[in-house]
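In what follows, a single structure is set out as structure tokens and then discussed.
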Amino acid sequence: RQRHRLLLENAEQLVLVCGRREPYLRRDGANRLCLLRAASLVVGLDGCIKAVGQADVIRNEFSEASFERIIDCSGKCVLPGLVDAHTHPVWAGDRVHEFAMKLAGASYMEIHQAGGGIHFTVEHTRKATEDELLATLRQRLGRMLRAGSTLVECKSGYGLDLDTELKMLRAIERARRSTDIGISSTYCGAHAVPKGKTATEATDDIINNHLPKLKELKLSGEIHVNNIDVFCEKGVFDLESTRRILQAGKDIGLQINFHGDELHPMKSAELGAELGARAISHLEEVSDEGIVAMARAKCAAVLLPATAYMLRLKQPQARKMLEEGVIVALGSDFNPNAYCFSMPMVMHLACVNMKMSMNEALAAATINAAYALGKSDTHGSLEVGKQGDLLIINSSRWEHLIYQFGGHEALINYVIVKGKVI
Ligand code: NIG
Ligand code: FE
């Protein structure tokens, strides 16, 4: 007789975040969280959700003996695992000294142009071995998981030269194969212009040397890379170099997912919409036309409230994007400049500083973040057939996940990936 991996029984609130009709939520996200009360959920042996419904109905349908594990969720809430659509978790050498410089008044770009910032991290990452990078990456992924993220994007981008970029991507690939958290991997060799090169030379190197090698490793199955990223910014990669690199990445089958319109208006949003980008991150300085173009192109906006907060940037116009029908997602942007692992804190900042509702923030950190990674058919909501990635929180109202600012390890009772309790 048929066996099942897990039964979550009788949750006070079970938040489905319905993404059936469309694989993402727009403005009406607020009305489509689909909250069930006194509800249960079944995960099959394949790690996918097998049934969701009223607790008494599920009780009648499945025999207790068929479950490997049963968790009583009385008085608790069940939510989809959180999805972090933007992280830089592979690097050596932190930048706590730069945090002090920024508090004393230095800007992000001043530090970058003086040879610090990304350049500082590149220097240390080049010296680290693949095993060292993997060890710290695994610790960081573990902390993300404990904060409720079950699927995260991971970028390279602190090598800039081919060898170090590949070392980073290999570390990500090894983590992907050996940890429970889901990973979408991003090649970000155009994260900065390496010292001693012009932007045009760096662009040519990426297109002529990096991408053909990536294509080869991707085809052989040695390294899975999903997305291509560029830091499109004044003094880094201009619009034309960005266009060339992203198009070349798309040509080898990568999804376009890049940094744009963060510190200066660059028309990155317009470019992304034109190239068919899956997602663009930051967007503090996006134009009105860019917002409309992204809505039309179904290009997700990945907003990073922790970075805007820590760098004291202008807040991205989340309300305007939502009203125009942009698919708004969230990411932690975990990196040595913005040391935040926690998507619950990111959702809180999105609500307080960017004026999103709690429903919108949850949709942005689940189904819409999954959409930004091209994974909303399998992740980001609790629906039959999707992967059984879930959180159980020790509260009778799900909003506590956003309302509480920090200390979520005590609120989150269980993090579950593919029906397996972590
Ligand atoms: O998303 N803006 C560019 N990239 C990162 C920062 C990386 C770094 O400073 O190390 C970001 O904020
Ligand atoms: Fe970033």
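In the structure tokens, chains take letters A, B, ... by order of appearance, with residues numbered from 1 within each chain and ligands from 1 in the order shown.
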
List every residue of chain A that has an atom at most 8 Å from any atom of ligand 2, giving for each one its closest atom pair and the distance in Å to one decimal, counting only C-alpha atoms and all ligand atoms, sorted by chain and then by ascending residue number, as a tab-separated table.
```
residue	atom	partner	partner_atom_place_in_ligand_line	distance
A:His86	CA	ligand 2	1 (Fe)	6.4
A:Thr87	CA	ligand 2	1 (Fe)	6.3
A:His88	CA	ligand 2	1 (Fe)	6.4
A:His259	CA	ligand 2	1 (Fe)	6.5
A:Ser281	CA	ligand 2	1 (Fe)	7.4
A:His282	CA	ligand 2	1 (Fe)	7.9
A:Asp333	CA	ligand 2	1 (Fe)	5.1
A:Phe334	CA	ligand 2	1 (Fe)	7.5
A:Asn335	CA	ligand 2	1 (Fe)	7.2
```

Go ahead and write the selection's residues with C-alpha atoms as a PDB file, in the first residue's frame.
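Once written, part.pdb looks like this:
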```pdb
ATOM      1  CA  HIS A  86      19.550  37.505  -5.020  1.00  0.00           C
ATOM      2  CA  THR A  87      22.637  36.516  -3.021  1.00  0.00           C
ATOM      3  CA  HIS A  88      26.440  36.676  -3.300  1.00  0.00           C
ATOM      4  CA  HIS A 259      21.942  44.459 -11.406  1.00  0.00           C
ATOM      5  CA  SER A 281      17.653  43.696  -9.285  1.00  0.00           C
ATOM      6  CA  HIS A 282      17.931  46.918  -7.256  1.00  0.00           C
ATOM      7  CA  ASP A 333      21.514  40.546  -1.483  1.00  0.00           C
ATOM      8  CA  PHE A 334      23.697  38.809   1.115  1.00  0.00           C
ATOM      9  CA  ASN A 335      27.281  39.942   0.306  1.00  0.00           C
TER      10      ASN A 335
END
```

Please identify all protein, DNA and RNA residues within 6 Å of ligand 1, counting only C-alpha atoms and all ligand atoms, and report them as a ChimeraX atom specification.
/A:117-118,231,333,335-337

Find the residues around segment 347-351 of chain A up to 10 Å (only C-alpha atoms counted), leave out those fewer than 6 positions away in its own chain, and share them as a list in words.
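Non-adjacent residues within range: Leu303, Leu304, Pro305, Ala306, Ala308, Tyr309, Gln315, Pro316, Ala318, Leu330, Gly331, Ser332, Ser357, Met358, Asn359, Glu360, Ala361, Leu362, Ala363, Ala364, Ala365, Leu401, Ile402, Tyr403, Gln404, Phe405 and Gly406 of chain A.
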
Would you pick out the contacts of Arg140 of chain A at 12 Å or less, using only C-alpha atoms, so that residues sharing its chain but fewer than 2 positions from it are not included, and give the list as number ranges by chain?
A: 87-91, 133-138, 142-147, 149, 152, 154, 172, 175, 179, 181, 334-336, 339-342

What would the file look like if the residues just selected were written as a tab-separated table (two decimals), in the first residue's frame with N, CA and C atoms?
```tsv
chain	number	residue	atom	x	y	z
A	87	THR	N	21.59	36.58	-4.04
A	87	THR	CA	22.64	36.52	-3.02
A	87	THR	C	24.02	36.37	-3.66
A	88	HIS	N	25.02	36.84	-2.92
A	88	HIS	CA	26.44	36.68	-3.30
A	88	HIS	C	27.11	35.94	-2.13
A	89	PRO	N	26.95	34.62	-2.01
A	89	PRO	CA	27.40	33.95	-0.79
A	89	PRO	C	28.80	33.31	-0.88
A	90	VAL	N	29.50	33.46	-2.01
A	90	VAL	CA	30.82	32.81	-2.15
A	90	VAL	C	31.91	33.86	-2.15
A	91	TRP	N	32.65	33.98	-1.08
A	91	TRP	CA	33.74	34.95	-1.02
A	91	TRP	C	34.59	34.72	0.22
A	133	LEU	N	36.36	28.07	0.03
A	133	LEU	CA	35.15	28.78	-0.40
A	133	LEU	C	33.91	27.93	-0.15
A	134	LEU	N	34.05	26.62	-0.43
A	134	LEU	CA	32.91	25.73	-0.21
A	134	LEU	C	32.54	25.67	1.27
A	135	ALA	N	33.54	25.63	2.14
A	135	ALA	CA	33.26	25.51	3.58
A	135	ALA	C	32.47	26.73	4.08
A	136	THR	N	32.88	27.93	3.70
A	136	THR	CA	32.15	29.11	4.18
A	136	THR	C	30.79	29.22	3.48
A	137	LEU	N	30.75	28.82	2.21
A	137	LEU	CA	29.47	28.84	1.50
A	137	LEU	C	28.45	27.95	2.21
A	138	ARG	N	28.90	26.76	2.61
A	138	ARG	CA	27.97	25.83	3.28
A	138	ARG	C	27.46	26.40	4.59
A	142	GLY	N	23.58	27.33	5.36
A	142	GLY	CA	22.94	26.79	6.56
A	142	GLY	C	22.21	27.88	7.33
A	143	ARG	N	22.82	29.05	7.41
A	143	ARG	CA	22.16	30.15	8.12
A	143	ARG	C	20.94	30.65	7.36
A	144	MET	N	21.03	30.65	6.03
A	144	MET	CA	19.86	31.06	5.23
A	144	MET	C	18.71	30.09	5.45
A	145	LEU	N	19.05	28.81	5.46
A	145	LEU	CA	18.04	27.76	5.66
A	145	LEU	C	17.37	27.94	7.02
A	146	ARG	N	18.16	28.16	8.05
A	146	ARG	CA	17.58	28.33	9.39
A	146	ARG	C	16.71	29.58	9.48
A	147	ALA	N	16.98	30.56	8.61
A	147	ALA	CA	16.13	31.76	8.59
A	147	ALA	C	14.93	31.57	7.67
A	149	SER	N	14.84	30.26	4.33
A	149	SER	CA	14.97	30.20	2.86
A	149	SER	C	15.22	28.76	2.43
A	152	VAL	N	17.57	29.46	-2.96
A	152	VAL	CA	18.31	30.72	-3.03
A	152	VAL	C	19.08	30.81	-4.35
A	154	CYS	N	22.50	31.99	-6.13
A	154	CYS	CA	23.90	32.17	-5.70
A	154	CYS	C	24.72	32.68	-6.86
A	172	ILE	N	29.80	26.44	-5.87
A	172	ILE	CA	28.33	26.48	-5.85
A	172	ILE	C	27.76	25.14	-6.30
A	175	ALA	N	28.09	22.61	-3.59
A	175	ALA	CA	27.10	22.88	-2.53
A	175	ALA	C	25.72	22.41	-3.00
A	179	THR	N	23.98	19.87	-0.33
A	179	THR	CA	23.19	20.46	0.75
A	179	THR	C	21.71	20.37	0.40
A	181	ILE	N	19.36	22.82	0.73
A	181	ILE	CA	18.75	24.03	0.20
A	181	ILE	C	18.80	24.00	-1.34
A	334	PHE	N	22.59	39.12	0.21
A	334	PHE	CA	23.70	38.81	1.11
A	334	PHE	C	25.03	38.93	0.38
A	335	ASN	N	25.93	39.76	0.88
A	335	ASN	CA	27.28	39.94	0.31
A	335	ASN	C	28.12	40.68	1.34
A	336	PRO	N	29.44	40.83	1.10
A	336	PRO	CA	30.26	41.45	2.16
A	336	PRO	C	29.93	42.91	2.41
A	339	TYR	N	25.47	42.48	4.88
A	339	TYR	CA	25.59	41.19	5.54
A	339	TYR	C	24.26	40.80	6.18
A	340	CYS	N	23.33	40.36	5.37
A	340	CYS	CA	22.02	39.97	5.88
A	340	CYS	C	21.57	38.67	5.22
A	341	PHE	N	21.30	37.65	6.05
A	341	PHE	CA	20.86	36.34	5.55
A	341	PHE	C	19.35	36.18	5.54
A	342	SER	N	18.67	37.10	6.19
A	342	SER	CA	17.33	36.79	6.68
A	342	SER	C	16.21	37.36	5.82
```

Would you give me, as a PyMOL selection string, the residues in segment 288-377 of chain A that DSSP reads as strand (DSSP E or B)?
chain A and resi 300-303+328-330+334-335+338

Using only C-alpha atoms: which of A:Leu25, A:Ile252, A:Val52, A:Ile223 has the shortest distance to Ile327 of chain A:
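The shortest atom-to-atom distance to Ile327 of chain A comes from A:Leu25.
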
Leaving out Ala11 of chain A and any residue of its chain fewer than 4 positions from it, which residues lie within 12 Å of it when counting only C-alpha atoms, given as an MDAnalysis selection string?
chainID A and resid 7 15 35:41 52:56 71:79 391:398

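Closest approach to Pro194 of chain A among A:Glu123, A:Glu274, A:Glu233, A:Asp389 is made by A:Glu123 (distances from only C-alpha atoms).
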
Out of A:Arg244, A:His408, A:Arg126, A:Lys298, which residue has the shortest atom-to-atom distance to Ala277 of chain A when counting only C-alpha atoms?
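Checking each of A:Arg244, A:His408, A:Arg126, A:Lys298 against Ala277 of chain A, counting only C-alpha atoms, the winner is A:Lys298.
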
What's around Glu383 of chain A at 12 Å? Count only C-alpha atoms, leave out sequence neighbours fewer than 3 positions away in its own chain, and write the answer as a PyMOL selection string.
chain A and resi 14-21+23+33-34+41-43+48-53+79-80+367+376-380+386-390

Those selected residues, please, written with C-alpha atoms and delivered as a CSV table (one decimal), in the first residue's frame.
```
chain,number,residue,atom,x,y,z
A,14,LEU,CA,-2.0,27.2,6.1
A,15,VAL,CA,-0.9,29.9,3.7
A,16,LEU,CA,-0.9,28.5,0.1
A,17,VAL,CA,0.1,31.6,-1.9
A,18,CYS,CA,-1.8,30.3,-5.0
A,19,GLY,CA,0.1,30.6,-8.2
A,20,ARG,CA,-2.0,28.2,-10.3
A,21,ARG,CA,-3.7,30.7,-12.6
A,23,PRO,CA,3.0,31.4,-12.1
A,33,LEU,CA,-2.6,34.2,-0.5
A,34,CYS,CA,-5.4,31.6,-0.1
A,41,LEU,CA,-0.8,18.9,4.0
A,42,VAL,CA,0.7,15.7,2.7
A,43,VAL,CA,4.1,15.3,1.0
A,48,CYS,CA,6.2,16.7,-3.8
A,49,ILE,CA,3.0,17.9,-2.3
A,50,LYS,CA,0.3,15.3,-2.7
A,51,ALA,CA,-2.7,16.8,-1.0
A,52,VAL,CA,-3.8,20.0,0.8
A,53,GLY,CA,-7.1,20.5,2.5
A,79,LEU,CA,3.9,28.6,4.9
A,80,PRO,CA,5.8,27.9,1.7
A,367,ILE,CA,6.1,32.8,-5.7
A,376,SER,CA,7.7,29.1,-10.1
A,377,ASP,CA,6.3,26.0,-11.7
A,378,THR,CA,7.9,23.9,-9.0
A,379,HIS,CA,8.5,26.3,-6.1
A,380,GLY,CA,7.1,29.2,-4.2
A,386,LYS,CA,5.0,21.4,-6.3
A,387,GLN,CA,8.0,20.6,-4.3
A,388,GLY,CA,7.3,20.1,-0.5
A,389,ASP,CA,9.3,23.1,0.8
A,390,LEU,CA,7.7,24.4,3.9
```

Counting only C-alpha atoms, figure out which residue out of A:Ile416, A:Ala248, A:Val326, A:Met345 gets nearest to Arg26 of chain A.
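The shortest atom-to-atom distance to Arg26 of chain A comes from A:Val326.
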
Please provide the set of residues having any atom within 10 Å of Thr198 of chain A, restricted to only C-alpha atoms, with same-chain residues fewer than 5 positions apart removed, written as JSON, numbers by chain.
{"A": [193, 203, 204, 236, 237]}

Save out the residues we just selected, all heavy atoms, as a JSON list (two decimals), in the first residue's frame.
```
[["chain", "number", "residue", "atom", "x", "y", "z"],
["A", 193, "VAL", "N", 34.90, 45.91, -13.20],
["A", 193, "VAL", "CA", 35.96, 45.87, -14.22],
["A", 193, "VAL", "C", 37.26, 45.56, -13.47],
["A", 193, "VAL", "O", 37.64, 46.30, -12.57],
["A", 193, "VAL", "CB", 36.05, 47.23, -14.95],
["A", 193, "VAL", "CG1", 37.20, 47.20, -15.96],
["A", 193, "VAL", "CG2", 34.72, 47.55, -15.62],
["A", 203, "THR", "N", 34.77, 43.18, -21.22],
["A", 203, "THR", "CA", 33.59, 42.68, -21.95],
["A", 203, "THR", "C", 34.02, 41.67, -23.02],
["A", 203, "THR", "O", 33.44, 40.59, -23.15],
["A", 203, "THR", "CB", 32.84, 43.87, -22.59],
["A", 203, "THR", "OG1", 32.47, 44.77, -21.55],
["A", 203, "THR", "CG2", 31.60, 43.41, -23.33],
["A", 204, "ASP", "N", 35.07, 42.03, -23.77],
["A", 204, "ASP", "CA", 35.57, 41.11, -24.81],
["A", 204, "ASP", "C", 36.04, 39.80, -24.20],
["A", 204, "ASP", "O", 35.77, 38.72, -24.73],
["A", 204, "ASP", "CB", 36.72, 41.76, -25.59],
["A", 204, "ASP", "CG", 36.23, 42.91, -26.46],
["A", 204, "ASP", "OD1", 35.01, 42.96, -26.75],
["A", 204, "ASP", "OD2", 37.06, 43.78, -26.83],
["A", 236, "VAL", "N", 31.06, 51.29, -13.99],
["A", 236, "VAL", "CA", 31.28, 49.84, -13.99],
["A", 236, "VAL", "C", 31.02, 49.36, -15.43],
["A", 236, "VAL", "O", 31.83, 49.64, -16.31],
["A", 236, "VAL", "CB", 30.41, 49.11, -12.93],
["A", 236, "VAL", "CG1", 30.83, 47.65, -12.78],
["A", 236, "VAL", "CG2", 30.53, 49.80, -11.56],
["A", 237, "PHE", "N", 29.91, 48.71, -15.73],
["A", 237, "PHE", "CA", 29.59, 48.35, -17.11],
["A", 237, "PHE", "C", 28.47, 49.25, -17.62],
["A", 237, "PHE", "O", 27.40, 49.33, -17.00],
["A", 237, "PHE", "CB", 29.21, 46.87, -17.23],
["A", 237, "PHE", "CG", 30.39, 45.96, -17.03],
["A", 237, "PHE", "CD1", 30.67, 45.43, -15.79],
["A", 237, "PHE", "CD2", 31.26, 45.68, -18.09],
["A", 237, "PHE", "CE1", 31.79, 44.62, -15.58],
["A", 237, "PHE", "CE2", 32.38, 44.87, -17.90],
["A", 237, "PHE", "CZ", 32.65, 44.34, -16.64]]
```

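Among the candidates A:Asp229, A:Glu324, A:Glu173, A:Glu284, the residue lying nearest to Met354 of chain A is A:Glu284 (atoms considered: only C-alpha atoms).
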
Can you check which residues of segment 26-271 of chain A DSSP gives as alpha helix (DSSP H) on the backbone and send them as a PyMOL selection string?
chain A and resi 55-61+96-103+108-113+118-127+130-146+162-178+199-205+211-219+239-251+268-271
